[in-house]
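One file, query-v7.cif, carrying mmCIF, C-alpha atoms:
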data_entry
#
loop_
_atom_site.group_PDB
_atom_site.id
_atom_site.type_symbol
_atom_site.label_atom_id
_atom_site.label_comp_id
_atom_site.auth_asym_id
_atom_site.auth_seq_id
_atom_site.Cartn_x
_atom_site.Cartn_y
_atom_site.Cartn_z
ATOM 1 C CA MET A 202 -4.039 -26.521 6.626
ATOM 2 C CA ALA A 203 -2.755 -24.371 3.778
ATOM 3 C CA ILE A 204 0.169 -22.114 4.621
ATOM 4 C CA ARG A 205 -1.842 -19.010 3.762
ATOM 5 C CA ASP A 206 -4.504 -20.045 6.286
ATOM 6 C CA ARG A 207 -1.828 -20.415 8.969
ATOM 7 C CA LEU A 208 -0.656 -16.887 8.209
ATOM 8 C CA THR A 209 -4.098 -15.327 8.662
ATOM 9 C CA ASP A 210 -6.146 -17.386 11.118
ATOM 10 C CA GLY A 211 -4.620 -15.787 14.210
ATOM 11 C CA THR A 212 -3.509 -19.021 15.889
ATOM 12 C CA ILE A 213 0.199 -18.173 15.546
ATOM 13 C CA THR A 214 1.720 -15.173 17.303
ATOM 14 C CA PHE A 215 4.349 -13.684 15.017
ATOM 15 C CA THR A 216 7.115 -11.306 16.039
ATOM 16 C CA ARG A 217 7.228 -7.864 14.425
ATOM 17 C CA SER A 218 9.978 -9.061 12.054
ATOM 18 C CA GLU A 219 8.011 -12.181 11.181
ATOM 19 C CA LEU A 220 4.937 -10.067 10.426
ATOM 20 C CA LYS A 221 6.989 -8.295 7.748
ATOM 21 C CA ILE A 222 7.528 -11.695 6.111
ATOM 22 C CA VAL A 223 3.833 -12.549 6.476
ATOM 23 C CA ARG A 224 2.847 -9.341 4.687
ATOM 24 C CA GLN A 225 5.345 -9.979 1.891
ATOM 25 C CA LEU A 226 4.078 -13.526 1.398
ATOM 26 C CA LEU A 227 0.414 -12.538 1.404
ATOM 27 C CA ALA A 228 1.042 -9.663 -0.995
ATOM 28 C CA ASN A 229 2.503 -12.063 -3.568
ATOM 29 C CA TYR A 230 1.364 -15.544 -2.598
ATOM 30 C CA PRO A 231 2.848 -18.089 -3.126
ATOM 31 C CA ALA A 232 5.544 -16.726 -5.463
ATOM 32 C CA ALA A 233 7.271 -14.724 -2.732
ATOM 33 C CA GLY A 234 8.032 -17.899 -0.811
ATOM 34 C CA LEU A 235 9.325 -19.871 -3.794
ATOM 35 C CA ASN A 236 12.491 -17.797 -4.138
ATOM 36 C CA THR A 237 15.647 -18.003 -2.030
ATOM 37 C CA VAL A 238 15.919 -17.198 1.656
ATOM 38 C CA ALA A 239 18.025 -14.163 0.778
ATOM 39 C CA TYR A 240 15.447 -12.853 -1.703
ATOM 40 C CA LEU A 241 12.530 -13.176 0.723
ATOM 41 C CA ALA A 242 14.589 -11.629 3.512
ATOM 42 C CA SER A 243 15.575 -8.685 1.332
ATOM 43 C CA SER A 244 12.046 -8.050 0.016
ATOM 44 C CA ALA A 245 10.616 -8.194 3.548
ATOM 45 C CA GLY A 246 13.379 -6.080 5.059
ATOM 46 C CA VAL A 247 14.594 -8.709 7.534
ATOM 47 C CA SER A 248 17.670 -10.897 7.993
ATOM 48 C CA ASN A 249 18.204 -14.367 6.498
ATOM 49 C CA PRO A 250 18.106 -16.078 9.932
ATOM 50 C CA THR A 251 14.731 -14.392 10.590
ATOM 51 C CA VAL A 252 13.285 -16.095 7.492
ATOM 52 C CA VAL A 253 14.574 -19.471 8.685
ATOM 53 C CA ARG A 254 13.125 -18.924 12.173
ATOM 54 C CA PHE A 255 9.857 -17.895 10.515
ATOM 55 C CA ALA A 256 9.687 -21.285 8.751
ATOM 56 C CA ASN A 257 10.239 -22.933 12.137
ATOM 57 C CA THR A 258 7.449 -20.844 13.660
ATOM 58 C CA LEU A 259 5.096 -22.239 11.025
ATOM 59 C CA GLY A 260 6.051 -25.764 12.081
ATOM 60 C CA PHE A 261 8.610 -26.645 9.417
ATOM 61 C CA GLU A 262 12.070 -28.008 10.145
ATOM 62 C CA GLY A 263 13.588 -25.514 7.753
ATOM 63 C CA TYR A 264 13.052 -23.296 4.737
ATOM 64 C CA PRO A 265 13.344 -26.157 2.184
ATOM 65 C CA GLU A 266 10.461 -27.991 3.862
ATOM 66 C CA PHE A 267 8.440 -24.762 3.866
ATOM 67 C CA GLN A 268 9.039 -24.363 0.114
ATOM 68 C CA LYS A 269 8.118 -27.989 -0.524
ATOM 69 C CA ALA A 270 4.745 -27.400 1.134
ATOM 70 C CA LEU A 271 4.208 -24.288 -0.975
ATOM 71 C CA LEU A 272 4.986 -26.206 -4.167
ATOM 72 C CA SER A 273 2.467 -28.866 -3.192
ATOM 73 C CA GLU A 274 -0.188 -26.178 -2.858
ATOM 74 C CA VAL A 275 0.707 -24.792 -6.277
ATOM 75 C CA GLN A 276 0.425 -28.203 -7.917
ATOM 76 C CA GLU A 277 -2.922 -28.849 -6.230
ATOM 77 C CA ARG A 278 -4.300 -25.498 -7.327
ATOM 78 C CA MET A 279 -3.159 -25.981 -10.911
ATOM 79 C CA SER A 280 -5.492 -28.948 -11.218
ATOM 80 C CA SER A 281 -8.373 -27.582 -9.177
ATOM 81 C CA PRO A 282 -11.790 -26.463 -10.474
ATOM 82 C CA LEU A 283 -11.054 -23.024 -9.057
ATOM 83 C CA SER A 284 -8.042 -22.586 -11.324
ATOM 84 C CA MET A 285 -10.126 -23.642 -14.312
ATOM 85 C CA LEU A 286 -12.767 -21.084 -13.357
ATOM 86 C CA ASP A 287 -10.092 -18.392 -13.246
ATOM 87 C CA GLU A 288 -8.576 -19.363 -16.595
ATOM 88 C CA ARG A 289 -11.776 -20.077 -18.518
ATOM 89 C CA ARG A 290 -13.937 -17.103 -17.798
ATOM 90 C CA PRO A 291 -17.185 -17.171 -19.776
ATOM 91 C CA SER A 292 -17.778 -14.596 -22.482
ATOM 92 C CA LEU A 293 -20.565 -12.047 -22.246
ATOM 93 C CA GLU A 294 -22.514 -13.985 -24.871
ATOM 94 C CA GLN A 295 -22.562 -17.113 -22.681
ATOM 95 C CA GLU A 296 -24.064 -15.758 -19.463
ATOM 96 C CA ASN A 297 -25.651 -12.840 -17.688
ATOM 97 C CA PHE A 298 -22.940 -10.244 -17.035
ATOM 98 C CA TYR A 299 -24.483 -9.226 -13.714
ATOM 99 C CA GLN A 300 -24.084 -12.760 -12.365
ATOM 100 C CA TYR A 301 -20.623 -12.965 -13.898
ATOM 101 C CA PHE A 302 -19.503 -9.756 -12.227
ATOM 102 C CA LEU A 303 -20.920 -10.703 -8.819
ATOM 103 C CA ARG A 304 -19.091 -14.021 -8.940
ATOM 104 C CA ALA A 305 -15.862 -12.143 -9.649
ATOM 105 C CA SER A 306 -16.597 -9.880 -6.677
ATOM 106 C CA ILE A 307 -17.200 -12.886 -4.428
ATOM 107 C CA HIS A 308 -13.902 -14.339 -5.597
ATOM 108 C CA ALA A 309 -12.161 -11.050 -4.706
ATOM 109 C CA LEU A 310 -13.762 -11.084 -1.242
ATOM 110 C CA GLU A 311 -12.614 -14.646 -0.658
ATOM 111 C CA ALA A 312 -9.099 -13.662 -1.715
ATOM 112 C CA SER A 313 -9.150 -10.707 0.682
ATOM 113 C CA MET A 314 -9.824 -13.097 3.572
ATOM 114 C CA GLN A 315 -6.459 -14.712 2.884
ATOM 115 C CA MET A 316 -4.420 -11.520 2.440
ATOM 116 C CA LEU A 317 -4.620 -9.904 5.859
ATOM 117 C CA PRO A 318 -2.911 -11.087 9.063
ATOM 118 C CA SER A 319 -5.341 -10.907 11.961
ATOM 119 C CA GLU A 320 -2.733 -8.968 13.948
ATOM 120 C CA ASP A 321 -2.832 -6.132 11.414
ATOM 121 C CA PHE A 322 -6.612 -5.878 11.543
ATOM 122 C CA GLU A 323 -6.587 -5.833 15.340
ATOM 123 C CA ALA A 324 -3.895 -3.138 15.286
ATOM 124 C CA ALA A 325 -6.126 -1.019 13.040
ATOM 125 C CA VAL A 326 -9.047 -1.483 15.453
ATOM 126 C CA ASP A 327 -6.789 -0.525 18.371
ATOM 127 C CA ALA A 328 -5.828 2.685 16.575
ATOM 128 C CA ALA A 329 -9.455 3.544 15.823
ATOM 129 C CA ALA A 330 -10.527 2.797 19.406
ATOM 130 C CA ASP A 331 -7.814 4.982 20.933
ATOM 131 C CA THR A 332 -10.031 7.885 21.994
ATOM 132 C CA SER A 333 -7.052 9.725 23.444
ATOM 133 C CA ALA A 334 -5.944 10.275 19.839
ATOM 134 C CA ARG A 335 -7.602 12.390 17.159
ATOM 135 C CA ALA A 336 -8.655 10.379 14.092
ATOM 136 C CA HIS A 337 -8.403 11.672 10.519
ATOM 137 C CA CYS A 338 -9.629 9.981 7.324
ATOM 138 C CA LEU A 339 -8.101 10.622 3.896
ATOM 139 C CA GLY A 340 -8.514 9.072 0.440
ATOM 140 C CA GLY A 341 -7.728 9.696 -3.199
ATOM 141 C CA ARG A 342 -9.787 10.541 -6.252
ATOM 142 C CA PHE A 343 -11.676 7.230 -6.297
ATOM 143 C CA SER A 344 -10.996 6.012 -2.753
ATOM 144 C CA GLY A 345 -12.009 9.252 -1.058
ATOM 145 C CA PHE A 346 -15.559 7.945 -0.577
ATOM 146 C CA LEU A 347 -14.116 5.110 1.520
ATOM 147 C CA ALA A 348 -12.508 7.669 3.819
ATOM 148 C CA GLY A 349 -15.884 9.406 4.024
ATOM 149 C CA LEU A 350 -17.623 6.127 4.817
ATOM 150 C CA LEU A 351 -15.206 5.397 7.655
ATOM 151 C CA TRP A 352 -15.458 8.953 9.000
ATOM 152 C CA SER A 353 -19.268 9.057 8.904
ATOM 153 C CA HIS A 354 -19.425 6.014 11.185
ATOM 154 C CA MET A 355 -16.452 6.802 13.410
ATOM 155 C CA LYS A 356 -17.810 10.265 14.293
ATOM 156 C CA GLN A 357 -20.907 8.612 15.740
ATOM 157 C CA LEU A 358 -18.839 6.260 17.882
ATOM 158 C CA ARG A 359 -16.139 8.638 19.130
ATOM 159 C CA GLY A 360 -15.203 12.298 19.190
ATOM 160 C CA GLU A 361 -12.244 14.087 17.598
ATOM 161 C CA THR A 362 -12.787 12.526 14.167
ATOM 162 C CA ARG A 363 -12.273 14.450 10.926
ATOM 163 C CA TRP A 364 -12.596 13.780 7.198
ATOM 164 C CA ILE A 365 -9.809 15.441 5.234
ATOM 165 C CA ASN A 366 -11.372 16.470 1.916
ATOM 166 C CA GLY A 367 -11.974 19.546 -0.170
ATOM 167 C CA SER A 368 -9.351 21.419 -2.181
ATOM 168 C CA GLN A 369 -5.687 20.523 -1.950
ATOM 169 C CA ALA A 370 -5.018 23.812 -0.169
ATOM 170 C CA ASP A 371 -7.671 23.023 2.456
ATOM 171 C CA GLN A 372 -6.207 19.566 2.968
ATOM 172 C CA VAL A 373 -2.647 20.836 3.331
ATOM 173 C CA ASP A 374 -3.794 23.423 5.886
ATOM 174 C CA GLN A 375 -4.982 20.611 8.169
ATOM 175 C CA LEU A 376 -1.418 19.343 8.472
ATOM 176 C CA VAL A 377 -0.612 22.232 10.784
ATOM 177 C CA ASP A 378 -2.464 20.527 13.665
ATOM 178 C CA LEU A 379 -1.269 16.947 13.135
ATOM 179 C CA GLY A 380 1.213 15.434 15.556
ATOM 180 C CA LYS A 381 1.773 12.649 18.047
ATOM 181 C CA ARG A 382 -1.837 12.868 19.245
ATOM 182 C CA ASP A 383 -3.168 11.901 15.810
ATOM 183 C CA VAL A 384 -3.821 8.793 13.745
ATOM 184 C CA LEU A 385 -4.419 9.059 9.996
ATOM 185 C CA PHE A 386 -6.536 6.435 8.223
ATOM 186 C CA VAL A 387 -5.559 6.741 4.568
ATOM 187 C CA TYR A 388 -6.751 4.932 1.423
ATOM 188 C CA ASP A 389 -4.357 4.725 -1.529
ATOM 189 C CA TYR A 390 -4.683 2.235 -4.382
ATOM 190 C CA ARG A 391 -2.993 2.011 -7.751
ATOM 191 C CA ARG A 392 -2.456 4.431 -9.461
ATOM 192 C CA TYR A 393 -1.139 5.947 -6.261
ATOM 193 C CA GLN A 394 -1.771 9.678 -5.820
ATOM 194 C CA ASN A 395 1.176 11.963 -5.173
ATOM 195 C CA ASP A 396 -0.823 14.407 -3.060
ATOM 196 C CA THR A 397 -2.129 11.592 -0.832
ATOM 197 C CA ILE A 398 1.374 10.176 -0.436
ATOM 198 C CA ARG A 399 2.869 13.587 0.375
ATOM 199 C CA PHE A 400 0.175 14.327 2.956
ATOM 200 C CA ALA A 401 0.650 10.964 4.693
ATOM 201 C CA ARG A 402 4.451 11.303 4.651
ATOM 202 C CA GLN A 403 4.306 14.761 6.204
ATOM 203 C CA ALA A 404 1.795 13.597 8.815
ATOM 204 C CA ALA A 405 4.101 10.710 9.748
ATOM 205 C CA ALA A 406 7.095 13.060 9.912
ATOM 206 C CA GLN A 407 5.143 15.167 12.406
ATOM 207 C CA GLY A 408 4.544 12.108 14.588
ATOM 208 C CA ALA A 409 1.102 10.899 13.484
ATOM 209 C CA ARG A 410 0.412 7.179 13.244
ATOM 210 C CA ILE A 411 -0.616 5.973 9.786
ATOM 211 C CA VAL A 412 -3.151 3.204 9.123
ATOM 212 C CA LEU A 413 -3.004 2.440 5.399
ATOM 213 C CA PHE A 414 -5.602 0.709 3.216
ATOM 214 C CA THR A 415 -4.009 -0.315 -0.093
ATOM 215 C CA ASP A 416 -3.676 -3.077 -2.702
ATOM 216 C CA ARG A 417 -1.265 -6.005 -2.859
ATOM 217 C CA TRP A 418 1.338 -3.967 -4.733
ATOM 218 C CA LEU A 419 1.476 -1.547 -1.796
ATOM 219 C CA SER A 420 1.284 2.214 -1.946
ATOM 220 C CA PRO A 421 4.584 3.973 -1.154
ATOM 221 C CA ILE A 422 2.877 4.983 2.081
ATOM 222 C CA ALA A 423 3.464 1.410 3.294
ATOM 223 C CA ASP A 424 7.139 2.300 3.794
ATOM 224 C CA PHE A 425 6.279 4.454 6.813
ATOM 225 C CA ALA A 426 2.776 3.257 7.809
ATOM 226 C CA THR A 427 2.205 1.912 11.306
ATOM 227 C CA VAL A 428 -0.383 -0.583 10.041
ATOM 228 C CA THR A 429 -1.044 -1.711 6.454
ATOM 229 C CA LEU A 430 -4.248 -3.469 5.337
ATOM 230 C CA THR A 431 -4.133 -4.924 1.821
ATOM 231 C CA ALA A 432 -7.015 -5.979 -0.419
ATOM 232 C CA PRO A 433 -7.309 -7.346 -3.971
ATOM 233 C CA VAL A 434 -8.516 -4.937 -6.638
ATOM 234 C CA ASP A 435 -8.552 -7.182 -9.728
ATOM 235 C CA THR A 436 -11.929 -7.786 -11.350
ATOM 236 C CA VAL A 437 -13.563 -8.226 -14.767
ATOM 237 C CA SER A 438 -13.937 -4.479 -15.246
ATOM 238 C CA PRO A 439 -11.265 -2.106 -16.583
ATOM 239 C CA TYR A 440 -11.701 -0.253 -13.283
ATOM 240 C CA ASP A 441 -10.291 -1.785 -10.103
ATOM 241 C CA THR A 442 -12.910 -3.100 -7.708
ATOM 242 C CA MET A 443 -13.426 -1.454 -4.315
ATOM 243 C CA VAL A 444 -15.672 -4.248 -3.008
ATOM 244 C CA PRO A 445 -12.986 -5.860 -0.767
ATOM 245 C CA ALA A 446 -11.895 -2.413 0.475
ATOM 246 C CA ILE A 447 -15.490 -1.591 1.419
ATOM 247 C CA ALA A 448 -15.736 -4.932 3.242
ATOM 248 C CA GLN A 449 -12.527 -4.188 5.161
ATOM 249 C CA THR A 450 -13.830 -0.745 6.090
ATOM 250 C CA GLU A 451 -17.162 -2.109 7.295
ATOM 251 C CA ALA A 452 -15.366 -4.849 9.242
ATOM 252 C CA LEU A 453 -13.328 -2.160 10.985
ATOM 253 C CA ILE A 454 -16.487 -0.184 11.729
ATOM 254 C CA ALA A 455 -18.226 -3.283 13.135
ATOM 255 C CA ALA A 456 -15.247 -4.154 15.335
ATOM 256 C CA LEU A 457 -14.978 -0.561 16.543
ATOM 257 C CA THR A 458 -18.701 -0.485 17.341
ATOM 258 C CA ALA A 459 -18.280 -3.584 19.509
ATOM 259 C CA ARG A 460 -15.133 -2.216 21.155
ATOM 260 C CA LEU A 461 -16.700 1.154 22.044
ATOM 261 C CA ALA A 462 -20.200 -0.118 22.778
ATOM 262 C CA THR A 463 -20.304 1.195 26.344
ATOM 263 C CA GLN A 464 -18.600 4.546 25.715
ATOM 264 C CA SER A 465 -20.430 5.416 22.515
ATOM 265 C CA ARG A 466 -24.002 4.727 23.634
ATOM 266 C CA ALA A 467 -24.537 8.081 25.365
ATOM 267 C CA ARG A 468 -22.955 9.887 22.415
ATOM 268 C CA ILE A 469 -25.246 8.201 19.874
ATOM 269 C CA GLU A 470 -28.329 8.835 22.042
ATOM 270 C CA LYS A 471 -27.466 12.539 22.246
ATOM 271 C CA MET A 472 -26.882 12.639 18.492
ATOM 272 C CA GLU A 473 -30.266 11.030 17.828
ATOM 273 C CA GLU A 474 -31.939 13.529 20.144
ATOM 274 C CA LEU A 475 -30.390 16.424 18.232
ATOM 275 C CA ARG A 476 -31.430 14.915 14.906
ATOM 276 C CA ARG A 477 -35.025 14.552 16.071
ATOM 277 C CA GLY A 478 -35.040 18.183 17.139
ATOM 278 C CA TYR A 479 -33.982 19.229 13.654
ATOM 279 C CA ALA A 480 -36.212 16.633 11.930
ATOM 280 C CA ILE A 481 -33.220 15.368 9.968
ATOM 281 C CA THR A 482 -34.893 12.122 8.925
ATOM 282 C CA GLU A 483 -38.451 11.376 7.853
ATOM 283 C CA ASP A 484 -39.247 9.250 10.905
ATOM 284 C CA ALA A 485 -38.818 12.339 13.117
ATOM 285 C CA LEU A 486 -41.961 13.779 11.494
ATOM 286 C CA ASN A 487 -43.915 10.590 12.271
ATOM 287 C CA PRO A 488 -42.566 9.388 15.644
ATOM 288 C CA ASN A 489 -45.391 6.909 16.141
ATOM 289 C CA VAL A 490 -44.771 5.081 12.891
ATOM 290 C CA ASP A 491 -42.597 1.984 13.110
ATOM 291 C CA ASP A 492 -39.316 2.149 11.231
ATOM 292 C CA GLY A 493 -39.767 -0.299 8.359
ATOM 293 C CA ARG A 494 -36.114 -0.501 7.377
#
As structure tokens, what does this structure read like?
Amino acid sequence: MAIRDRLTDGTITFTRSELKIVRQLLANYPAAGLNTVAYLASSAGVSNPTVVRFANTLGFEGYPEFQKALLSEVQERMSSPLSMLDERRPSLEQENFYQYFLRASIHALEASMQMLPSEDFEAAVDAAADTSARAHCLGGRFSGFLAGLLWSHMKQLRGETRWINGSQADQVDQLVDLGKRDVLFVYDYRRYQNDTIRFARQAAAQGARIVLFTDRWLSPIADFATVTLTAPVDTVSPYDTMVPAIAQTEALIAALTARLATQSRARIEKMEELRRGYAITEDALNPNVDDGR
């Protein structure tokens, strides 16, 4: 099994310090593991002995054996069809751009599967399912719609859920109520937004937990986030892709739906009853017509 698969498949229970190494490796795989013990330890914010113990946890006798396995993966990938596909991308004249773009998106989704430790995803689900805490969703100029997507589903499944949007003044005003009872789900991708970073930093200073969605280069928010979920953003467009981030968000929503299935049923039924009373959707006007969606 490839080392990256061992880091993400959930079969190994890592310590909190080891998870810092896992995140560093996945954020820059495999290059982060091909440097010295001291370099990896420093970049992950752990001690040198922790890196050595981490290699042992993965089943290697020591760090040199761990690096040897990484080098073998690099050599294999250099001669693989996948590497040739990456390096020899077809020109627009050679194939349908729609198909070309979708293949790039699929490649980004496959990469995102290898970037996230299962422990981090489960920690994000735990935070979302904690109904004793108030949930807040925040994003930037382009990622704000992701925060809205998460909020629009979470508010159906649980109470005390808010979307922080609107003018900067309106957003800042909401900080007055944030504290230890709150968890902030925040999206921040390159180029990282100062106002988003400042809001998250202040929320954390007031005691709120931070669940961060970001790219492999890591928003500055990662320095104080409780949980960090990374996703690739590279694609064939000049604009970064949000496809993996959307997939992560929908995965969180699906997991939360399963986790809160019993508690949320009565809430959703009441919500549907209210919507019918206000004829919010077209099917409310024709209750005897089957929903064809």
Selection dump of the PyMOL selection byres ((chain A and resi 416) around 12), as a PyMOL selection string: chain A and resi 224+227-229+309+312-313+316-317+344+388-393+413-415+417-423+429-435+441-443+445-446+449
Ground truth for the PyMOL selection byres ((chain A and resi 366) around 9), written as a PDB file with C-alpha atoms, keeping the file's coordinate frame:
ATOM      1  CA  CYS A 338      -9.629   9.981   7.324  1.00  0.00           C
ATOM      2  CA  LEU A 339      -8.101  10.622   3.896  1.00  0.00           C
ATOM      3  CA  GLY A 340      -8.514   9.072   0.440  1.00  0.00           C
ATOM      4  CA  GLY A 345     -12.009   9.252  -1.058  1.00  0.00           C
ATOM      5  CA  GLY A 349     -15.884   9.406   4.024  1.00  0.00           C
ATOM      6  CA  TRP A 364     -12.596  13.780   7.198  1.00  0.00           C
ATOM      7  CA  ILE A 365      -9.809  15.441   5.234  1.00  0.00           C
ATOM      8  CA  GLY A 367     -11.974  19.546  -0.170  1.00  0.00           C
ATOM      9  CA  SER A 368      -9.351  21.419  -2.181  1.00  0.00           C
ATOM     10  CA  GLN A 369      -5.687  20.523  -1.950  1.00  0.00           C
ATOM     11  CA  ASP A 371      -7.671  23.023   2.456  1.00  0.00           C
ATOM     12  CA  GLN A 372      -6.207  19.566   2.968  1.00  0.00           C
TER      13      GLN A 372
END
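For Val238 of chain A, the non-local neighbours within 12 Å, defined as residues at least 4 positions apart in the same chain or in other chains and counting all atoms listed in the file, are A:Ile222, A:Ala233, A:Gly234, A:Ala242, A:Ser243, A:Ser244, A:Ala245, A:Gly246, A:Val247, A:Ser248, A:Asn249, A:Pro250, A:Thr251, A:Val252, A:Val253, A:Arg254, A:Phe255, A:Ala256, A:Gly263, A:Tyr264, A:Pro265, A:Phe267, A:Gln268.
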Nearest-residue call for Val275 of chain A, choices A:Arg402, A:Arg460, A:Lys356, A:Arg205, using all atoms listed in the file: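 Of A:Arg402, A:Arg460, A:Lys356, A:Arg205, the one nearest Val275 of chain A is A:Arg205, counting all atoms listed in the file.
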Selected residue of minimal separation from Arg217 of chain A among A:Thr427, A:Ser306, A:Gln300, A:Thr397, counting all atoms listed in the file: A:Thr427
Between atom CA of Ala329 of chain A and atom CA of Leu350 of chain A, distance in Å (one decimal):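 One can read the atom CA of Ala329 of chain A to atom CA of Leu350 of chain A distance as 13.9 Å.
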